[in-house]
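*Asks:* To be precise about what I am sending: the file is called coords_1.tsv and holds TSV, C-alpha atoms.
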```tsv
chain	number	residue	atom	x	y	z
A	240	GLY	CA	48.52	68.70	49.23
A	241	ARG	CA	51.39	71.14	49.80
A	242	ARG	CA	53.19	68.77	52.11
A	243	SER	CA	52.05	65.48	50.67
A	244	ALA	CA	55.62	64.72	49.64
A	245	ALA	CA	56.85	65.25	53.16
A	246	ALA	CA	55.71	62.03	54.80
A	247	ALA	CA	57.04	61.90	58.33
A	248	VAL	CA	57.98	58.80	60.28
A	249	VAL	CA	58.43	59.44	63.98
A	250	VAL	CA	60.26	57.02	66.25
A	251	LEU	CA	60.08	58.06	69.88
A	252	CYS	CA	62.01	57.00	72.91
A	253	ALA	CA	62.70	58.58	76.25
A	254	ALA	CA	66.16	59.68	75.21
A	255	GLY	CA	65.27	61.16	71.82
A	256	ALA	CA	63.47	60.83	68.53
A	257	ILE	CA	64.16	60.23	64.86
A	258	VAL	CA	62.12	62.09	62.31
A	259	VAL	CA	62.62	61.04	58.72
A	260	VAL	CA	61.13	63.21	56.01
A	261	ALA	CA	61.38	62.58	52.29
A	262	ASP	CA	62.02	65.64	50.06
A	263	PRO	CA	62.02	68.33	52.82
A	264	PHE	CA	61.40	71.93	51.76
A	265	GLY	CA	63.19	75.04	52.97
A	266	GLY	CA	63.32	78.80	52.80
A	267	ASP	CA	60.68	81.51	53.00
A	268	ARG	CA	57.51	81.01	51.00
A	269	PRO	CA	54.43	83.10	50.43
A	270	SER	CA	51.18	82.37	52.17
A	271	ALA	CA	49.56	79.08	51.33
A	272	PRO	CA	46.48	77.54	52.89
A	273	THR	CA	47.11	74.60	55.19
A	274	GLY	CA	43.71	73.18	54.26
A	275	ALA	CA	43.43	69.41	54.45
A	276	GLY	CA	47.22	69.11	54.41
A	277	GLY	CA	47.69	70.26	57.98
A	278	SER	CA	46.95	72.77	60.70
A	279	LEU	CA	48.72	75.33	62.84
A	280	ALA	CA	49.88	74.83	66.42
A	281	ALA	CA	51.12	77.53	68.76
A	282	VAL	CA	54.60	77.27	70.24
A	283	ARG	CA	54.09	77.34	73.99
A	284	GLN	CA	56.39	77.84	76.93
A	285	GLY	CA	56.10	75.96	80.19
A	286	PRO	CA	57.06	72.81	82.10
A	287	LEU	CA	57.73	69.59	80.22
A	288	SER	CA	58.41	66.10	81.54
A	289	ALA	CA	59.42	63.04	79.57
A	290	GLN	CA	57.34	59.91	80.09
A	291	VAL	CA	58.14	56.31	79.25
A	292	ASN	CA	55.28	53.82	78.96
A	293	GLN	CA	56.27	50.18	79.38
A	294	SER	CA	54.89	46.86	80.57
A	295	GLY	CA	56.42	45.41	83.73
A	296	THR	CA	56.13	42.61	86.28
A	297	LEU	CA	55.03	42.99	89.89
A	298	SER	CA	56.79	40.59	92.25
A	299	TYR	CA	58.72	40.38	95.50
A	300	ALA	CA	62.24	41.80	95.54
A	301	ALA	CA	65.18	39.39	95.83
A	302	ARG	CA	68.86	39.67	95.00
A	303	ASP	CA	70.09	42.45	92.74
A	304	ASP	CA	70.28	40.03	89.81
A	305	GLY	CA	66.69	38.85	90.41
A	306	THR	CA	67.61	35.42	91.81
A	307	PRO	CA	66.16	34.26	95.16
A	308	TYR	CA	68.05	34.09	98.43
A	309	SER	CA	69.16	30.63	99.50
A	310	VAL	CA	68.67	29.45	103.09
A	311	VAL	CA	71.62	27.14	103.88
A	312	ASN	CA	71.70	24.82	106.90
A	313	HIS	CA	74.81	24.21	109.07
A	314	VAL	CA	73.37	21.88	111.74
A	315	GLN	CA	73.39	18.07	111.89
A	316	GLY	CA	70.13	16.26	112.60
A	317	ILE	CA	66.59	15.78	111.33
A	318	TYR	CA	64.32	18.55	110.04
A	319	THR	CA	61.39	18.75	112.44
A	320	TRP	CA	59.81	21.85	110.87
A	321	VAL	CA	60.46	23.62	107.59
A	322	PRO	CA	58.64	26.65	106.16
A	323	SER	CA	56.18	26.45	103.27
A	324	ALA	CA	55.98	28.55	100.12
A	325	GLY	CA	54.32	31.85	100.90
A	326	ASP	CA	55.39	31.95	104.56
A	327	GLU	CA	56.73	35.34	105.65
A	328	ILE	CA	59.36	35.22	108.38
A	329	LYS	CA	60.53	38.31	110.22
A	330	CYS	CA	64.00	38.86	111.58
A	331	GLY	CA	64.29	37.41	115.07
A	332	ARG	CA	61.73	34.69	114.32
A	333	ILE	CA	62.27	30.96	113.79
A	334	LEU	CA	63.15	30.01	110.22
A	335	TYR	CA	63.16	26.21	110.66
A	336	TRP	CA	63.85	23.50	113.26
A	337	VAL	CA	66.46	20.74	113.38
A	338	GLY	CA	65.60	18.28	116.15
A	339	ASP	CA	64.84	20.44	119.23
A	340	THR	CA	66.95	23.32	117.94
A	341	PRO	CA	65.17	26.38	116.50
A	342	ILE	CA	67.15	28.17	113.78
A	343	VAL	CA	66.52	31.91	113.91
A	344	LEU	CA	66.54	34.41	111.04
A	345	LEU	CA	68.71	37.47	111.67
A	346	CYS	CA	68.99	40.44	109.34
A	347	GLY	CA	72.33	40.86	107.64
A	348	THR	CA	74.31	40.53	104.45
A	349	ARG	CA	77.31	38.62	105.83
A	350	PRO	CA	76.71	34.86	106.19
A	351	ALA	CA	77.55	33.16	109.48
A	352	TYR	CA	80.82	31.22	109.21
A	353	ARG	CA	81.96	30.50	112.79
A	354	ASN	CA	80.88	30.14	116.41
A	355	LEU	CA	80.55	33.42	118.27
A	356	SER	CA	81.13	33.92	122.00
A	357	ALA	CA	82.46	36.46	124.50
A	358	GLY	CA	85.77	37.96	123.40
A	359	ASP	CA	85.19	37.57	119.65
A	360	SER	CA	85.20	40.57	117.35
A	361	GLY	CA	84.48	41.25	113.70
A	362	ARG	CA	81.86	42.30	111.19
A	363	ASP	CA	79.72	39.26	111.99
A	364	VAL	CA	79.63	40.33	115.65
A	365	ARG	CA	78.56	43.81	114.58
A	366	GLU	CA	75.65	42.28	112.62
A	367	LEU	CA	74.64	40.28	115.70
A	368	ASN	CA	74.81	43.36	117.97
A	369	ALA	CA	72.76	45.41	115.50
A	370	ASN	CA	70.07	42.71	115.45
A	371	LEU	CA	69.91	42.39	119.22
A	372	VAL	CA	69.36	46.15	119.60
A	373	LYS	CA	66.89	46.46	116.73
A	374	LEU	CA	64.86	43.51	118.01
A	375	GLY	CA	64.62	45.09	121.46
A	376	TYR	CA	66.78	42.68	123.45
A	377	ALA	CA	69.14	45.49	124.45
A	378	LYS	CA	69.02	49.28	124.53
A	379	LYS	CA	71.56	51.39	122.68
A	380	SER	CA	72.74	52.64	126.06
A	381	GLU	CA	73.51	49.02	127.01
A	382	LEU	CA	74.87	47.71	123.68
A	383	ASP	CA	76.34	49.75	120.82
A	384	PRO	CA	74.69	48.37	117.64
A	385	GLY	CA	77.79	49.36	115.68
A	386	SER	CA	80.21	47.57	117.98
A	387	ARG	CA	82.35	44.77	116.52
A	388	TYR	CA	83.01	43.30	120.00
A	389	PHE	CA	81.18	40.41	121.68
A	390	GLY	CA	81.04	41.40	125.34
A	391	SER	CA	78.82	40.67	128.32
A	392	ALA	CA	76.10	42.97	126.94
A	393	THR	CA	75.98	40.89	123.76
A	394	ALA	CA	75.77	37.64	125.76
A	395	ASN	CA	72.98	38.98	127.99
A	396	ALA	CA	70.91	40.21	125.03
A	397	LEU	CA	71.51	36.96	123.15
A	398	GLN	CA	70.22	34.94	126.14
A	399	LYS	CA	66.99	36.94	126.03
A	400	LEU	CA	66.57	36.14	122.34
A	401	GLN	CA	67.29	32.46	122.93
A	402	ASP	CA	64.72	32.35	125.74
A	403	ASP	CA	62.17	34.05	123.48
A	404	ILE	CA	62.46	31.44	120.70
A	405	GLY	CA	62.82	28.41	122.98
A	406	ALA	CA	66.52	27.76	122.40
A	407	ASP	CA	69.14	26.83	125.00
A	408	GLU	CA	70.12	30.05	126.82
A	409	THR	CA	73.87	29.72	126.31
A	410	GLY	CA	74.71	33.37	125.53
A	411	GLU	CA	76.74	32.01	122.60
A	412	LEU	CA	75.86	31.72	118.94
A	413	ARG	CA	77.04	28.47	117.39
A	414	LEU	CA	77.48	28.16	113.66
A	415	GLY	CA	74.07	27.10	112.36
A	416	ASP	CA	72.02	28.59	115.21
A	417	ALA	CA	71.12	31.55	113.00
A	418	VAL	CA	70.86	32.36	109.31
A	419	PHE	CA	71.86	35.90	108.32
A	420	LEU	CA	69.98	37.17	105.28
A	421	PRO	CA	68.43	40.49	104.26
A	422	GLY	CA	64.99	40.22	105.76
A	423	PRO	CA	62.17	39.80	106.43
A	424	LEU	CA	61.90	36.86	104.04
A	425	ARG	CA	59.06	35.42	101.99
A	426	VAL	CA	59.62	31.73	101.25
A	427	THR	CA	59.15	30.85	97.58
A	428	ARG	CA	60.16	27.18	97.76
A	429	ALA	CA	61.09	24.71	100.49
A	430	THR	CA	63.96	22.49	99.36
A	431	ALA	CA	64.33	20.55	102.62
A	432	THR	CA	61.93	17.72	103.48
A	433	LEU	CA	60.20	17.44	106.82
A	434	GLY	CA	61.76	14.41	108.53
A	435	GLY	CA	64.72	14.49	106.16
A	436	ARG	CA	68.32	14.55	107.29
A	437	ALA	CA	69.87	17.95	107.84
A	438	ALA	CA	73.52	18.25	106.88
A	439	PRO	CA	75.91	21.23	106.85
A	440	GLY	CA	75.78	23.04	103.52
A	441	ALA	CA	72.38	21.64	102.53
A	442	PRO	CA	69.82	24.10	101.15
A	443	VAL	CA	66.66	24.46	103.21
A	444	ALA	CA	64.59	26.93	101.20
A	445	GLU	CA	64.60	29.68	98.62
A	446	ALA	CA	63.15	33.07	99.47
A	447	THR	CA	62.70	36.66	98.43
A	448	SER	CA	62.33	39.71	100.62
A	449	SER	CA	58.81	40.76	101.62
A	450	ASP	CA	59.24	44.05	99.75
A	451	ARG	CA	57.11	44.61	96.66
A	452	GLN	CA	58.84	45.54	93.43
A	453	VAL	CA	58.03	46.19	89.80
A	454	THR	CA	60.62	45.20	87.21
A	455	VAL	CA	60.65	46.85	83.79
A	456	ASN	CA	62.95	45.58	81.05
A	457	LEU	CA	63.70	48.89	79.39
A	458	ASP	CA	65.14	49.17	75.91
A	459	ALA	CA	68.83	49.98	76.34
A	460	SER	CA	68.46	53.10	74.17
A	461	GLN	CA	66.05	54.53	76.76
A	462	GLN	CA	68.29	53.99	79.77
A	463	GLY	CA	69.92	57.40	79.59
A	464	GLY	CA	66.63	59.15	80.29
A	465	ILE	CA	65.87	57.20	83.48
A	466	LYS	CA	67.47	57.66	86.89
A	467	ALA	CA	66.90	56.49	90.46
A	468	GLY	CA	64.24	58.60	92.13
A	469	ASP	CA	62.12	59.14	89.01
A	470	LYS	CA	58.39	58.94	89.72
A	471	ALA	CA	56.35	56.05	88.34
A	472	GLN	CA	52.66	55.27	87.97
A	473	ILE	CA	51.71	51.60	88.04
A	474	THR	CA	48.44	50.18	86.74
A	475	LEU	CA	47.65	46.82	88.36
A	476	PRO	CA	45.77	43.95	86.62
A	477	ASP	CA	42.45	45.11	88.16
A	478	ASN	CA	43.10	48.64	86.76
A	479	THR	CA	43.93	50.03	90.21
A	480	VAL	CA	46.51	52.79	89.82
A	481	THR	CA	49.25	53.28	92.40
A	482	THR	CA	52.53	55.13	92.53
A	483	GLY	CA	56.19	54.37	93.07
A	484	ARG	CA	59.72	55.47	92.33
A	485	VAL	CA	62.67	54.02	90.43
A	486	SER	CA	64.84	52.49	93.15
A	487	ARG	CA	67.72	51.31	90.99
A	488	ILE	CA	68.77	50.51	87.45
A	489	GLY	CA	70.46	47.24	86.55
A	490	THR	CA	74.02	47.31	85.26
A	491	VAL	CA	73.88	44.19	83.10
A	492	ALA	CA	72.15	44.39	79.72
A	493	LYS	CA	70.22	41.35	78.53
A	494	SER	CA	69.70	40.30	74.93
A	495	SER	CA	66.80	38.22	73.71
A	496	SER	CA	66.24	36.88	70.22
A	497	SER	CA	63.38	38.73	68.57
A	498	ASP	CA	62.98	37.03	65.22
A	499	ASP	CA	63.97	34.09	63.05
A	500	GLN	CA	66.87	36.04	61.54
A	501	GLY	CA	68.61	36.10	64.90
A	502	SER	CA	68.27	39.80	65.65
A	503	SER	CA	67.98	40.64	69.32
A	504	ASP	CA	66.62	43.29	71.63
A	505	THR	CA	68.93	44.58	74.35
A	506	THR	CA	67.23	45.61	77.59
A	507	ILE	CA	68.25	46.98	80.98
A	508	PRO	CA	66.23	46.03	84.09
A	509	VAL	CA	64.73	48.96	85.95
A	510	TYR	CA	63.40	48.31	89.47
A	511	ILE	CA	60.53	50.33	90.96
A	512	THR	CA	59.53	50.44	94.62
A	513	LEU	CA	55.82	50.89	95.38
A	514	ALA	CA	54.81	53.84	97.56
A	515	HIS	CA	51.83	51.86	98.90
A	516	PRO	CA	52.79	48.15	98.84
A	517	LYS	CA	49.54	46.97	100.48
A	518	VAL	CA	47.61	48.02	97.36
A	519	ALA	CA	49.31	45.14	95.50
A	520	GLY	CA	47.87	42.53	97.89
A	521	ASP	CA	49.39	39.09	97.34
A	522	LEU	CA	49.97	39.51	93.61
A	523	ASP	CA	53.18	37.85	92.45
A	524	GLN	CA	54.64	37.72	88.93
A	525	ALA	CA	51.67	39.82	87.82
A	526	PRO	CA	51.76	41.88	84.59
A	527	VAL	CA	51.39	45.63	85.12
A	528	GLN	CA	51.60	48.78	83.03
A	529	VAL	CA	54.16	51.37	84.06
A	530	GLN	CA	54.56	55.04	83.22
A	531	ILE	CA	57.87	56.52	84.36
A	532	THR	CA	58.16	60.31	84.45
A	533	THR	CA	61.77	61.35	83.98
A	534	GLU	CA	63.44	64.64	84.82
A	535	GLY	CA	61.50	67.70	83.69
A	536	VAL	CA	62.24	71.16	82.35
A	537	LYS	CA	60.53	74.06	84.14
A	538	GLN	CA	60.60	76.50	81.21
A	539	ALA	CA	60.72	74.86	77.79
A	540	LEU	CA	59.63	75.95	74.33
A	541	ILE	CA	57.29	73.15	73.30
A	542	VAL	CA	55.97	72.01	69.91
A	543	PRO	CA	54.22	68.84	68.73
A	544	VAL	CA	56.68	66.18	67.59
A	545	THR	CA	54.82	65.97	64.29
A	546	ALA	CA	55.82	69.60	63.56
A	547	LEU	CA	59.46	68.55	63.18
A	548	ILE	CA	61.05	68.52	59.73
A	549	GLY	CA	64.16	66.47	59.03
A	550	GLN	CA	66.68	68.55	57.06
A	551	ALA	CA	68.69	67.11	54.18
A	552	GLY	CA	72.02	68.17	55.71
A	553	GLY	CA	71.11	66.82	59.13
A	554	GLY	CA	69.28	68.34	62.05
A	555	TYR	CA	65.69	69.43	62.39
A	556	ALA	CA	63.46	72.40	61.70
A	557	VAL	CA	59.86	73.58	62.00
A	558	GLU	CA	57.77	75.55	59.53
A	559	ARG	CA	56.74	78.84	61.11
A	560	VAL	CA	53.86	80.91	59.74
A	561	ASP	CA	53.95	84.63	60.60
A	562	ALA	CA	51.03	87.03	60.97
A	563	ARG	CA	51.11	87.78	57.22
A	564	GLY	CA	50.83	84.10	56.40
A	565	VAL	CA	54.43	83.80	55.21
A	566	HIS	CA	55.98	80.35	55.77
A	567	GLN	CA	59.58	80.09	56.96
A	568	THR	CA	61.71	77.06	57.81
A	569	VAL	CA	63.34	77.60	61.22
A	570	PRO	CA	66.16	75.24	62.33
A	571	VAL	CA	65.74	73.96	65.89
A	572	THR	CA	67.71	71.96	68.41
A	573	LEU	CA	65.81	69.17	70.15
A	574	GLY	CA	65.62	68.73	73.91
A	575	LEU	CA	63.36	66.63	76.12
A	576	PHE	CA	60.62	64.42	74.67
A	577	ASP	CA	57.22	63.68	76.19
A	578	ASN	CA	56.33	60.36	74.57
A	579	ALA	CA	52.91	60.17	76.16
A	580	ASP	CA	51.63	63.47	74.72
A	581	GLY	CA	53.77	63.64	71.58
A	582	LEU	CA	55.59	66.85	72.56
A	583	VAL	CA	59.20	67.95	72.28
A	584	GLN	CA	61.34	70.74	73.69
A	585	VAL	CA	63.00	72.90	71.03
A	586	SER	CA	65.38	75.83	70.99
A	587	GLY	CA	66.11	78.20	68.11
A	588	SER	CA	64.72	81.40	66.59
A	589	LEU	CA	61.26	80.76	68.00
A	590	SER	CA	59.14	82.47	70.63
A	591	ALA	CA	56.13	81.43	72.64
A	592	GLY	CA	53.02	82.18	70.60
A	593	ASP	CA	54.65	81.56	67.19
A	594	ARG	CA	52.57	79.30	64.97
A	595	VAL	CA	54.06	76.19	63.32
A	596	VAL	CA	52.63	73.84	60.73
A	597	VAL	CA	51.49	70.42	61.89
A	598	PRO	CA	50.72	68.10	58.98
A	599	SER	CA	47.56	66.04	59.14
A	600	THR	CA	47.97	62.35	59.86
```
Before we go any further, please render this structure as structure tokens.
*Replies:*
Amino acid sequence: GRRSAAAAVVVLCAAGAIVVVADPFGGDRPSAPTGAGGSLAAVRQGPLSAQVNQSGTLSYAARDDGTPYSVVNHVQGIYTWVPSAGDEIKCGRILYWVGDTPIVLLCGTRPAYRNLSAGDSGRDVRELNANLVKLGYAKKSELDPGSRYFGSATANALQKLQDDIGADETGELRLGDAVFLPGPLRVTRATATLGGRAAPGAPVAEATSSDRQVTVNLDASQQGGIKAGDKAQITLPDNTVTTGRVSRIGTVAKSSSSDDQGSSDTTIPVYITLAHPKVAGDLDQAPVQVQITTEGVKQALIVPVTALIGQAGGGYAVERVDARGVHQTVPVTLGLFDNADGLVQVSGSLSAGDRVVVPST
């Protein structure tokens, strides 16, 4: 056919596309039937969004690098209760026991490193005050949750917490009485043994948060088209479809060997938060399909990707057919790509309603 020599190879990604065409044609030409060699598509104007389709993994969120949190003990004695894998522990609840001492989980990012009592001040005191107010052991009018000072209001609220969990009501927080970690926690593995000896610095358990998360290892070349806040559609193993948003994008690229010749694929982790976490049930490390919709264009000139012609000197064009049937090669600049529907935004000497040649596949 007329375009049989122009075999197109299209490689799509969220950030762009490569269209390679052997022996491209150019210039104005008289009318010629498209016939079996192709068809005509109208240039349209309207909204266009880019979409990236990728497999991902549904799990529970942990540290930014994907590793679990570590629960570290600082009390001497014997473990009289330790959590089991799958246990979910809220902030303000008992994490484990050493002898008759309950160790409480408090929400925070700064680990405990000293005894705390009236007169102390610092960021660790501020974390304690924030917990006591959030857990309802003091009102904001009684205790400023942002205060770095351990005063009588802190001691009074702490005594209420200690009474609630069955600890000695000292109004002081000794090192080891509490573990500060981002919570609530979901225990993935208990490393301490019931009846075993507890020693300062010994790991008790590994845990994640209780938040659900989908991780997608995105090809590094696609990273530029994705940003935090982008909408995502997640298809679960039972074909249930739910929604979410990109919460963050990893900063460390990972390479994995892809063949025997030692070539590798470089990926960036993209993390997606589910809008309706309960839909995921108890699934963990489950394979899912993800469609991320990146930033859109409200008014774009849109053509099928297969209408693109690679030009010998670089750049791209489309073949426009006017009302008289005359064919003309029109250079275009590429914009946003919609991978899912095979569409691309173009700009150039085109108007909505123009007809362009789309070769048959």
*Asks:* Please indicate the distance in Å from CA of Phe389 in chain A to CA of Asn312 in chain A, rounded to one decimal place.
*Replies:*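 Distance between the two atoms: 23.5 Å.
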*Asks:* Give me, as a ChimeraX atom specification, all polymer residues having an atom no more than 7 Å from Arg413 in chain A, counting all atoms listed in the file and skipping those fewer than 3 positions away in the same chain.
*Replies:* /A:354-355,416
*Asks:* Tell me, as a VMD selection string, which residues lie within 10 Å of Arg451 in chain A, counting all atoms listed in the file; anything in the same chain fewer than 6 positions away does not count.
*Replies:* chain A and resid 297 to 301 511 to 517 519 to 523
*Asks:* For Leu279 in chain A, which residue among A:Val585, A:Leu344, A:Ser590, A:Glu558 is the nearest when counting all atoms listed in the file?
*Replies:* A:Glu558
*Asks:* Counting only C-alpha atoms, what is within 10 Å of Val310 in chain A, bar same-chain residues fewer than 6 positions away, as a JSON list (two decimals) with C-alpha atoms, in the frame of the given file?
*Replies:*
```json
[["chain", "number", "residue", "atom", "x", "y", "z"],
["A", 334, "LEU", "CA", 63.15, 30.01, 110.22],
["A", 335, "TYR", "CA", 63.16, 26.21, 110.66],
["A", 344, "LEU", "CA", 66.54, 34.41, 111.04],
["A", 418, "VAL", "CA", 70.86, 32.36, 109.31],
["A", 419, "PHE", "CA", 71.86, 35.90, 108.32],
["A", 420, "LEU", "CA", 69.98, 37.17, 105.28],
["A", 426, "VAL", "CA", 59.62, 31.73, 101.25],
["A", 429, "ALA", "CA", 61.09, 24.71, 100.49],
["A", 430, "THR", "CA", 63.96, 22.49, 99.36],
["A", 431, "ALA", "CA", 64.33, 20.55, 102.62],
["A", 440, "GLY", "CA", 75.78, 23.04, 103.52],
["A", 441, "ALA", "CA", 72.38, 21.64, 102.53],
["A", 442, "PRO", "CA", 69.82, 24.10, 101.15],
["A", 443, "VAL", "CA", 66.66, 24.46, 103.21],
["A", 444, "ALA", "CA", 64.59, 26.93, 101.20],
["A", 445, "GLU", "CA", 64.60, 29.68, 98.62],
["A", 446, "ALA", "CA", 63.15, 33.07, 99.47]]
```
*Asks:* Using all atoms listed in the file, which of A:Lys537, A:Lys378, A:Lys329, A:Arg387 sits nearest Ala357 in chain A?
*Replies:*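 Ranked by minimum distance to Ala357 in chain A, first place goes to A:Arg387.
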*Asks:* Of the residues A:Ala459, A:Val343, A:Leu589, A:Val527, which is the one nearest to Asp477 in chain A, using only C-alpha atoms?
*Replies:*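 Of A:Ala459, A:Val343, A:Leu589, A:Val527, the one nearest Asp477 in chain A is A:Val527, counting only C-alpha atoms.
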*Asks:* Would you pick out the contacts of Asn370 in chain A at 8 Å or less, using all atoms listed in the file, so that residues sharing its chain but fewer than 2 positions from it are not included, and give the list as a list in words?
*Replies:*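 Those residues are Gly331, Leu345, Cys346, Glu366, Leu367, Asn368, Val372, Lys373, Leu374 and Pro384 of chain A.
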*Asks:* How many Å separate CA of Gly574 in chain A from CA of Lys493 in chain A?
*Replies:*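 Rounded to one decimal, the two atoms are 28.1 Å apart.
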*Asks:* What is the CA of Ala551 in chain A-CA of Gln567 in chain A distance in Å, reported with one decimal?
*Replies:*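 CA of Gln567 in chain A lies at a distance of 16.1 Å from CA of Ala551 in chain A.
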*Asks:* Could you pull the residues within 12 Å of Asp593 in chain A, counting all atoms listed in the file, minus those fewer than 5 positions along the same chain, as a ChimeraX atom specification?
*Replies:* /A:279-284,540-542,557-562,564,566-567,569,587-588
*Asks:* Using all atoms listed in the file, what residues lie at most 8 Å away from (57.5, 67.9, 69.5) (file coordinates), given as a ChimeraX atom specification?
*Replies:* /A:541-547,576-577,581-585
*Asks:* Quick one: write out the picked residues with C-alpha atoms as a short mmCIF file (atom, residue, chain, number, x, y, z; two decimals), in the coordinates of the input?
*Replies:*
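Heads up, here's the output in part26.cif:
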```
data_model
loop_
_atom_site.label_atom_id
_atom_site.label_comp_id
_atom_site.auth_asym_id
_atom_site.auth_seq_id
_atom_site.Cartn_x
_atom_site.Cartn_y
_atom_site.Cartn_z
CA ILE A 541 57.29 73.15 73.30
CA VAL A 542 55.97 72.01 69.91
CA PRO A 543 54.22 68.84 68.73
CA VAL A 544 56.68 66.18 67.59
CA THR A 545 54.82 65.97 64.29
CA ALA A 546 55.82 69.60 63.56
CA LEU A 547 59.46 68.55 63.18
CA PHE A 576 60.62 64.42 74.67
CA ASP A 577 57.22 63.68 76.19
CA GLY A 581 53.77 63.64 71.58
CA LEU A 582 55.59 66.85 72.56
CA VAL A 583 59.20 67.95 72.28
CA GLN A 584 61.34 70.74 73.69
CA VAL A 585 63.00 72.90 71.03
#
```
*Asks:* When distances are computed from all atoms listed in the file, which of A:Ser494, A:Tyr555, A:Val596, A:Ile328 shows the smallest separation from Pro570 in chain A?
*Replies:*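 Looking only at the distances to Pro570 in chain A, the closest residue turns out to be A:Tyr555.
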*Asks:* Which one of A:Arg302, A:Lys399, A:Arg349, A:Arg487 sits closest to Leu424 in chain A if you count all atoms listed in the file?
*Replies:*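 Nearest candidate to Leu424 in chain A out of A:Arg302, A:Lys399, A:Arg349, A:Arg487: A:Arg302.
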